[in-house]
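query-v2.cif (mmCIF, C-alpha atoms)
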```
data_structure
loop_
_atom_site.group_PDB
_atom_site.id
_atom_site.type_symbol
_atom_site.label_atom_id
_atom_site.label_comp_id
_atom_site.auth_asym_id
_atom_site.auth_seq_id
_atom_site.Cartn_x
_atom_site.Cartn_y
_atom_site.Cartn_z
ATOM 1 C CA MET F 1 -11.548 14.416 4.382
ATOM 2 C CA ALA F 2 -12.713 12.921 1.091
ATOM 3 C CA ILE F 3 -10.713 9.970 -0.214
ATOM 4 C CA LEU F 4 -10.873 8.777 -3.817
ATOM 5 C CA ASN F 5 -12.708 5.461 -4.076
ATOM 6 C CA SER F 6 -10.998 3.492 -6.846
ATOM 7 C CA TYR F 7 -12.044 -0.020 -5.831
ATOM 8 C CA GLU F 8 -15.779 0.062 -5.104
ATOM 9 C CA ASP F 9 -16.261 -2.858 -7.466
ATOM 10 C CA SER F 10 -17.554 -6.295 -6.483
ATOM 11 C CA LYS F 11 -15.828 -8.078 -9.394
ATOM 12 C CA ARG F 12 -12.474 -6.584 -8.453
ATOM 13 C CA ALA F 13 -13.029 -7.420 -4.787
ATOM 14 C CA GLU F 14 -13.644 -11.069 -5.719
ATOM 15 C CA ALA F 15 -10.439 -11.146 -7.765
ATOM 16 C CA TYR F 16 -8.335 -9.441 -5.107
ATOM 17 C CA ALA F 17 -9.650 -11.793 -2.428
ATOM 18 C CA LYS F 18 -7.813 -14.655 -4.168
ATOM 19 C CA LEU F 19 -4.567 -12.700 -4.419
ATOM 20 C CA GLU F 20 -1.997 -13.380 -1.715
ATOM 21 C CA PHE F 21 1.749 -12.951 -2.340
ATOM 22 C CA PRO F 22 2.643 -14.321 -5.789
ATOM 23 C CA GLY F 23 5.504 -13.174 -7.978
ATOM 24 C CA THR F 24 6.225 -9.475 -7.861
ATOM 25 C CA TYR F 25 3.895 -9.078 -4.872
ATOM 26 C CA TYR F 26 6.192 -11.417 -2.932
ATOM 27 C CA LEU F 27 8.897 -8.736 -3.063
ATOM 28 C CA ALA F 28 6.557 -6.142 -1.592
ATOM 29 C CA TYR F 29 6.092 -8.206 1.561
ATOM 30 C CA ARG F 30 9.297 -10.263 1.771
ATOM 31 C CA ASP F 31 11.303 -7.760 3.801
ATOM 32 C CA LEU F 32 8.487 -6.256 5.875
ATOM 33 C CA PRO F 33 8.953 -8.566 8.895
ATOM 34 C CA GLU F 34 12.609 -7.543 9.231
ATOM 35 C CA LEU F 35 11.869 -3.843 8.711
ATOM 36 C CA ILE F 36 9.055 -3.958 11.254
ATOM 37 C CA ALA F 37 11.198 -5.821 13.790
ATOM 38 C CA GLU F 38 13.915 -3.178 13.432
ATOM 39 C CA GLN F 39 11.650 -0.138 13.560
ATOM 40 C CA VAL F 40 8.497 -0.881 15.558
ATOM 41 C CA ARG F 41 7.968 -1.261 19.292
ATOM 42 C CA GLY F 42 4.521 -2.276 20.438
ATOM 43 C CA ARG F 43 1.854 -4.511 18.930
ATOM 44 C CA LYS F 44 -1.068 -2.281 17.895
ATOM 45 C CA ALA F 45 -1.353 -1.681 14.160
ATOM 46 C CA LEU F 46 -3.558 0.078 11.611
ATOM 47 C CA ASP F 47 -3.729 -1.306 8.066
ATOM 48 C CA PHE F 48 -4.709 1.778 6.070
ATOM 49 C CA GLY F 49 -6.299 0.781 2.771
ATOM 50 C CA CYS F 50 -6.682 -2.853 3.780
ATOM 51 C CA GLY F 51 -8.636 -3.974 0.709
ATOM 52 C CA THR F 52 -9.765 -7.564 1.209
ATOM 53 C CA GLY F 53 -7.544 -7.918 4.272
ATOM 54 C CA ARG F 54 -4.349 -9.411 2.845
ATOM 55 C CA SER F 55 -2.035 -7.033 4.730
ATOM 56 C CA THR F 56 -4.215 -7.127 7.829
ATOM 57 C CA ARG F 57 -3.904 -10.901 8.082
ATOM 58 C CA PHE F 58 -0.184 -10.617 7.324
ATOM 59 C CA LEU F 59 0.328 -8.272 10.285
ATOM 60 C CA ARG F 60 -1.739 -10.433 12.601
ATOM 61 C CA LYS F 61 0.521 -13.394 11.789
ATOM 62 C CA LEU F 62 3.421 -11.211 12.937
ATOM 63 C CA GLY F 63 1.713 -10.841 16.315
ATOM 64 C CA PHE F 64 -0.050 -7.499 15.895
ATOM 65 C CA GLU F 65 -3.510 -6.483 17.042
ATOM 66 C CA VAL F 66 -4.714 -5.006 13.752
ATOM 67 C CA THR F 67 -7.512 -2.748 12.580
ATOM 68 C CA GLY F 68 -8.065 -2.718 8.814
ATOM 69 C CA VAL F 69 -9.734 0.288 7.188
ATOM 70 C CA ASP F 70 -10.696 0.948 3.583
ATOM 71 C CA ILE F 71 -12.969 3.247 1.612
ATOM 72 C CA ALA F 72 -14.394 0.477 -0.592
ATOM 73 C CA GLY F 73 -17.401 -1.256 0.908
ATOM 74 C CA ASP F 74 -17.043 -4.264 -1.421
ATOM 75 C CA MET F 75 -13.486 -4.776 -0.193
ATOM 76 C CA ILE F 76 -14.460 -4.507 3.471
ATOM 77 C CA ARG F 77 -17.339 -6.932 2.997
ATOM 78 C CA LYS F 78 -15.016 -9.449 1.357
ATOM 79 C CA ALA F 79 -12.361 -9.007 4.064
ATOM 80 C CA THR F 80 -14.966 -9.698 6.735
ATOM 81 C CA GLU F 81 -16.240 -12.735 4.840
ATOM 82 C CA ILE F 82 -12.721 -14.194 4.610
ATOM 83 C CA ASP F 83 -11.771 -13.235 8.164
ATOM 84 C CA PRO F 84 -14.937 -12.876 10.266
ATOM 85 C CA GLY F 85 -12.942 -12.445 13.458
ATOM 86 C CA GLY F 86 -10.965 -9.500 12.105
ATOM 87 C CA ASP F 87 -11.523 -5.814 12.874
ATOM 88 C CA TYR F 88 -12.456 -4.214 9.540
ATOM 89 C CA ARG F 89 -13.982 -0.752 9.208
ATOM 90 C CA ARG F 90 -15.146 1.213 6.217
ATOM 91 C CA ILE F 91 -13.800 4.736 5.926
ATOM 92 C CA GLY F 92 -16.466 7.287 5.077
ATOM 93 C CA LYS F 93 -16.223 11.030 4.573
ATOM 94 C CA SER F 94 -14.586 11.265 7.990
ATOM 95 C CA GLY F 95 -11.505 9.516 6.614
ATOM 96 C CA VAL F 96 -9.059 8.224 9.214
ATOM 97 C CA ALA F 97 -11.281 9.702 11.941
ATOM 98 C CA THR F 98 -12.722 6.174 11.938
ATOM 99 C CA ALA F 99 -9.795 5.369 14.213
ATOM 100 C CA ALA F 100 -9.766 8.676 16.130
ATOM 101 C CA GLY F 101 -8.912 8.351 19.788
ATOM 102 C CA GLU F 102 -6.752 5.286 19.175
ATOM 103 C CA ALA F 103 -2.962 5.226 19.118
ATOM 104 C CA PHE F 104 -1.065 2.841 16.865
ATOM 105 C CA ASP F 105 2.517 1.623 17.109
ATOM 106 C CA LEU F 106 2.491 0.823 13.392
ATOM 107 C CA VAL F 107 0.518 2.208 10.475
ATOM 108 C CA LEU F 108 1.012 0.118 7.343
ATOM 109 C CA SER F 109 -0.236 1.432 4.033
ATOM 110 C CA ALA F 110 0.340 -1.094 1.246
ATOM 111 C CA PHE F 111 -0.275 0.335 -2.252
ATOM 112 C CA THR F 112 -2.978 2.721 -0.981
ATOM 113 C CA PHE F 113 -1.145 5.909 -1.931
ATOM 114 C CA ASP F 114 -0.925 4.674 -5.532
ATOM 115 C CA ASN F 115 -4.614 5.646 -5.651
ATOM 116 C CA ILE F 116 -4.526 8.989 -3.823
ATOM 117 C CA PRO F 117 -4.149 11.528 -6.620
ATOM 118 C CA THR F 118 -2.865 14.903 -5.410
ATOM 119 C CA MET F 119 -0.121 16.229 -3.193
ATOM 120 C CA ASP F 120 -2.612 18.120 -1.011
ATOM 121 C CA LEU F 121 -4.660 14.988 -0.366
ATOM 122 C CA LYS F 122 -1.588 12.851 0.268
ATOM 123 C CA VAL F 123 -0.299 15.461 2.735
ATOM 124 C CA ARG F 124 -3.615 15.686 4.586
ATOM 125 C CA ILE F 125 -4.046 11.938 4.890
ATOM 126 C CA LEU F 126 -0.467 11.302 5.975
ATOM 127 C CA GLY F 127 -0.714 14.125 8.499
ATOM 128 C CA ASP F 128 -3.839 12.510 9.928
ATOM 129 C CA LEU F 129 -2.119 9.126 10.043
ATOM 130 C CA GLY F 130 0.860 10.660 11.806
ATOM 131 C CA GLY F 131 -1.522 12.008 14.424
ATOM 132 C CA LEU F 132 -2.648 8.431 15.160
ATOM 133 C CA LEU F 133 0.847 7.220 16.024
ATOM 134 C CA SER F 134 1.782 6.316 19.575
ATOM 135 C CA ALA F 135 4.996 7.717 21.029
ATOM 136 C CA GLY F 136 7.739 6.146 18.941
ATOM 137 C CA GLY F 137 5.224 4.833 16.396
ATOM 138 C CA ARG F 138 6.083 4.300 12.740
ATOM 139 C CA ILE F 139 4.356 4.561 9.364
ATOM 140 C CA LEU F 140 5.441 2.120 6.661
ATOM 141 C CA ASN F 141 4.259 3.426 3.303
ATOM 142 C CA LEU F 142 4.619 0.769 0.608
ATOM 143 C CA VAL F 143 4.144 2.226 -2.864
ATOM 144 C CA SER F 144 4.804 1.452 -6.501
ATOM 145 C CA THR F 145 7.882 3.023 -8.021
ATOM 146 C CA PRO F 146 7.412 4.962 -11.285
ATOM 147 C CA GLU F 147 9.378 2.189 -13.018
ATOM 148 C CA ILE F 148 6.664 -0.395 -12.380
ATOM 149 C CA TYR F 149 4.478 1.399 -14.941
ATOM 150 C CA THR F 150 7.066 1.298 -17.740
ATOM 151 C CA HIS F 151 8.375 -2.289 -17.652
ATOM 152 C CA GLU F 152 7.197 -5.911 -17.717
ATOM 153 C CA TRP F 153 7.103 -8.009 -14.527
ATOM 154 C CA ALA F 154 6.337 -11.471 -13.234
ATOM 155 C CA SER F 155 2.925 -10.229 -12.052
ATOM 156 C CA PHE F 156 2.245 -7.136 -14.184
ATOM 157 C CA SER F 157 2.183 -5.929 -17.764
ATOM 158 C CA THR F 158 2.339 -2.369 -19.073
ATOM 159 C CA ARG F 159 3.211 -3.018 -22.722
ATOM 160 C CA ALA F 160 -0.249 -1.915 -23.833
ATOM 161 C CA TYR F 161 0.242 1.520 -22.265
ATOM 162 C CA PRO F 162 3.381 3.179 -23.713
ATOM 163 C CA GLU F 163 1.919 6.561 -22.726
ATOM 164 C CA ASN F 164 2.863 5.710 -19.129
ATOM 165 C CA ARG F 165 6.427 6.713 -20.017
ATOM 166 C CA LEU F 166 5.350 10.348 -20.329
ATOM 167 C CA ALA F 167 3.597 10.450 -16.948
ATOM 168 C CA ARG F 168 4.613 12.890 -14.233
ATOM 169 C CA SER F 169 3.674 12.905 -10.557
ATOM 170 C CA GLY F 170 -0.089 13.077 -10.253
ATOM 171 C CA ASP F 171 -0.792 11.645 -13.722
ATOM 172 C CA ARG F 172 -2.961 8.569 -14.188
ATOM 173 C CA VAL F 173 -1.257 5.407 -15.428
ATOM 174 C CA ARG F 174 -2.562 1.955 -16.254
ATOM 175 C CA ILE F 175 -1.214 -1.495 -15.472
ATOM 176 C CA VAL F 176 -2.579 -5.033 -15.841
ATOM 177 C CA ILE F 177 -2.252 -7.506 -12.967
ATOM 178 C CA THR F 178 -1.568 -10.903 -14.526
ATOM 179 C CA ASP F 179 -2.069 -12.918 -11.309
ATOM 180 C CA ILE F 180 -5.838 -12.363 -11.076
ATOM 181 C CA ASP F 181 -8.846 -13.296 -13.205
ATOM 182 C CA ASP F 182 -9.885 -9.666 -13.732
ATOM 183 C CA ALA F 183 -8.043 -8.583 -16.892
ATOM 184 C CA ARG F 184 -9.187 -4.968 -16.716
ATOM 185 C CA PRO F 185 -6.289 -2.532 -16.221
ATOM 186 C CA VAL F 186 -5.844 -0.911 -12.846
ATOM 187 C CA GLU F 187 -5.621 2.883 -12.920
ATOM 188 C CA ASP F 188 -3.060 4.320 -10.512
ATOM 189 C CA THR F 189 -1.437 7.692 -9.922
ATOM 190 C CA VAL F 190 2.296 7.779 -10.549
ATOM 191 C CA TRP F 191 4.436 9.570 -7.958
ATOM 192 C CA THR F 192 8.197 10.095 -7.876
ATOM 193 C CA ASP F 193 10.565 9.557 -4.972
ATOM 194 C CA GLY F 194 11.397 13.251 -4.816
ATOM 195 C CA ASP F 195 7.748 14.228 -4.655
ATOM 196 C CA TYR F 196 7.044 11.631 -1.948
ATOM 197 C CA ARG F 197 9.820 13.184 0.116
ATOM 198 C CA GLU F 198 8.168 16.582 -0.319
ATOM 199 C CA VAL F 199 4.812 15.103 0.738
ATOM 200 C CA TYR F 200 6.337 13.700 3.919
ATOM 201 C CA ARG F 201 7.974 17.021 4.764
ATOM 202 C CA LYS F 202 4.710 18.907 4.321
ATOM 203 C CA ALA F 203 2.825 16.300 6.367
ATOM 204 C CA GLY F 204 5.166 16.777 9.333
ATOM 205 C CA LEU F 205 6.769 13.373 8.966
ATOM 206 C CA GLU F 206 10.445 12.480 9.105
ATOM 207 C CA LEU F 207 11.797 9.899 6.692
ATOM 208 C CA ILE F 208 13.894 7.338 8.559
ATOM 209 C CA THR F 209 14.830 5.025 5.700
ATOM 210 C CA THR F 210 13.766 3.896 2.229
ATOM 211 C CA HIS F 211 13.926 0.262 1.132
ATOM 212 C CA LYS F 212 13.596 -0.917 -2.488
ATOM 213 C CA PRO F 213 13.482 -4.726 -2.620
ATOM 214 C CA LEU F 214 15.004 -6.595 -5.558
ATOM 215 C CA GLY F 215 14.452 -10.197 -6.598
ATOM 216 C CA ARG F 216 17.151 -12.813 -6.068
ATOM 217 C CA ASP F 217 18.172 -15.631 -8.377
ATOM 218 C CA ASP F 218 17.614 -18.243 -5.659
ATOM 219 C CA GLU F 219 13.912 -17.362 -5.270
ATOM 220 C CA PRO F 220 11.211 -19.611 -6.778
ATOM 221 C CA TYR F 221 9.857 -17.068 -9.262
ATOM 222 C CA ARG F 222 10.498 -16.384 -12.918
ATOM 223 C CA TRP F 223 11.650 -12.811 -12.535
ATOM 224 C CA VAL F 224 11.453 -10.545 -15.555
ATOM 225 C CA ASN F 225 13.003 -7.223 -14.454
ATOM 226 C CA GLU F 226 12.740 -7.652 -10.675
ATOM 227 C CA THR F 227 16.420 -8.527 -10.104
ATOM 228 C CA ARG F 228 17.652 -5.218 -11.501
ATOM 229 C CA ILE F 229 14.769 -2.732 -11.185
ATOM 230 C CA ALA F 230 12.811 -2.231 -7.966
ATOM 231 C CA PRO F 231 9.034 -2.280 -8.521
ATOM 232 C CA TRP F 232 8.297 -1.151 -4.950
ATOM 233 C CA ALA F 233 9.515 1.421 -2.450
ATOM 234 C CA ILE F 234 8.957 1.095 1.294
ATOM 235 C CA TYR F 235 9.252 4.369 3.208
ATOM 236 C CA VAL F 236 9.653 4.201 7.002
ATOM 237 C CA LEU F 237 8.397 7.396 8.662
ATOM 238 C CA LYS F 238 7.949 8.904 12.097
ATOM 239 C CA TRP F 239 6.103 11.920 13.426
ATOM 240 C CA ALA F 240 8.595 14.775 13.282
#
```
Is it possible to give me this structure as structure tokens?
Amino acid sequence: MAILNSYEDSKRAEAYAKLEFPGTYYLAYRDLPELIAEQVRGRKALDFGCGTGRSTRFLRKLGFEVTGVDIAGDMIRKATEIDPGGDYRRIGKSGVATAAGEAFDLVLSAFTFDNIPTMDLKVRILGDLGGLLSAGGRILNLVSTPEIYTHEWASFSTRAYPENRLARSGDRVRIVITDIDDARPVEDTVWTDGDYREVYRKAGLELITTHKPLGRDDEPYRWVNETRIAPWAIYVLKWA
């Protein structure tokens, strides 16, 4: 299974390595501990699309035994440099077969599917991930909502790319991360909620719940649109 490599870039890996949970990113992770506690039994986890290991380290702090996998060698090298005791593996042409033979109670994919371009590829990868679940295991797929590409945020800007408003599922969109030193826009693939639901159905997964976190006025961030528009969607899935 071939996976699109969007982040084989040493400069971007260096920038991402400094990025933890500021601003809008805080909302992506804020509610994960509660969702995981409600939905997951067992302590073995796969961080699919681990990048420089931010989510992998996050899960380990929650008590999980975690394997992080990513297609980008620069990201894996940086993750290992930051966390030499972690289990990080580069995905090659074999895709998630890197973890074949293992069973995971939790598969977390944070932002990875923003960079997987087509329905067929999303379906194949999610089907493979479903096959790695233990009995009762769960996939948490954390993705960007289409709205993130058409508004301004504490951590992102899209004002330079008004063409994003015309994008449909599968189209490329651009967004600038304002919390890192690398000012180059990130290119993602926009995908709607309805089309994600179709992907899950075709992949043999059952959607348990969807969570869209919003910012709160009592939080220590200067929210822009986060209190009224959800930048992220977290889909909780099980093998049907």
Picked residues, the PyMOL selection byres ((chain F and resi 219-228) around 10), as a ChimeraX atom specification: /F:22-24,26-27,148,151-156,213-218,229-232
From F:Leu59, F:Leu32, F:Cys50, F:Val176, residue lying nearest Lys78 (chain F) [only C-alpha atoms]: F:Cys50
Reference answer for the PyMOL selection byres ((chain F and resi 144) around 9), as a short mmCIF file (atom, residue, chain, number, x, y, z; two decimals) with C-alpha atoms, keeping the file's coordinate frame:
```
data_model
loop_
_atom_site.label_atom_id
_atom_site.label_comp_id
_atom_site.auth_asym_id
_atom_site.auth_seq_id
_atom_site.Cartn_x
_atom_site.Cartn_y
_atom_site.Cartn_z
CA PHE F 111 -0.28 0.34 -2.25
CA PHE F 113 -1.14 5.91 -1.93
CA ASP F 114 -0.92 4.67 -5.53
CA LEU F 142 4.62 0.77 0.61
CA VAL F 143 4.14 2.23 -2.86
CA THR F 145 7.88 3.02 -8.02
CA PRO F 146 7.41 4.96 -11.28
CA GLU F 147 9.38 2.19 -13.02
CA ILE F 148 6.66 -0.40 -12.38
CA TYR F 149 4.48 1.40 -14.94
CA VAL F 190 2.30 7.78 -10.55
CA TRP F 191 4.44 9.57 -7.96
CA ALA F 230 12.81 -2.23 -7.97
CA PRO F 231 9.03 -2.28 -8.52
CA TRP F 232 8.30 -1.15 -4.95
CA ALA F 233 9.52 1.42 -2.45
CA ILE F 234 8.96 1.10 1.29
#
```
Could you give me, as an MDAnalysis selection string, the residues within 9 Å of Val107 (chain F), counting all atoms listed in the file and dropping anything in the same chain fewer than 2 positions from it? chainID F and resid 44:48 104:105 109 129:130 132:133 137:141
Report as a list in words the full result of the PyMOL selection byres ((chain F and resi 122) around 10) when it is applied to this structure. Ile3, Phe113, Asn115, Ile116, Pro117, Thr118, Met119, Asp120, Leu121, Val123, Arg124, Ile125, Leu126, Gly127, Asp128, Tyr196, Val199, Tyr200, Lys202 and Ala203 of chain F
To one decimal in Å, tell me the separation between CA of Tyr235 (chain F) and CA of Thr210 (chain F). 4.6 Å
List the neighbours of Gly49 (chain F) out to 8 Å using all atoms listed in the file; skip same-chain residues closer than 5 positions along the sequence, and give me the result as a list in words.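 What passes the distance filter is Gly68, Val69, Asp70, Ile71, Ser109, Ala110, Phe111 and Thr112 of chain F.
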Would you compute the distance between CA of Gly53 (chain F) and CA of Ile91 (chain F)? Give it in Å to one decimal.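 CA of Gly53 (chain F) sits 14.2 Å away from CA of Ile91 (chain F).
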The distance between CA of Met75 (chain F) and CA of Arg90 (chain F) is 8.9 Å
Given the choices F:Val40, F:Leu35, F:Ile177, F:Leu108, which gets closest to Arg54 (chain F) if the distance is worked out from all atoms listed in the file?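 Checking each candidate against Arg54 (chain F), we get F:Leu108 as the closest.
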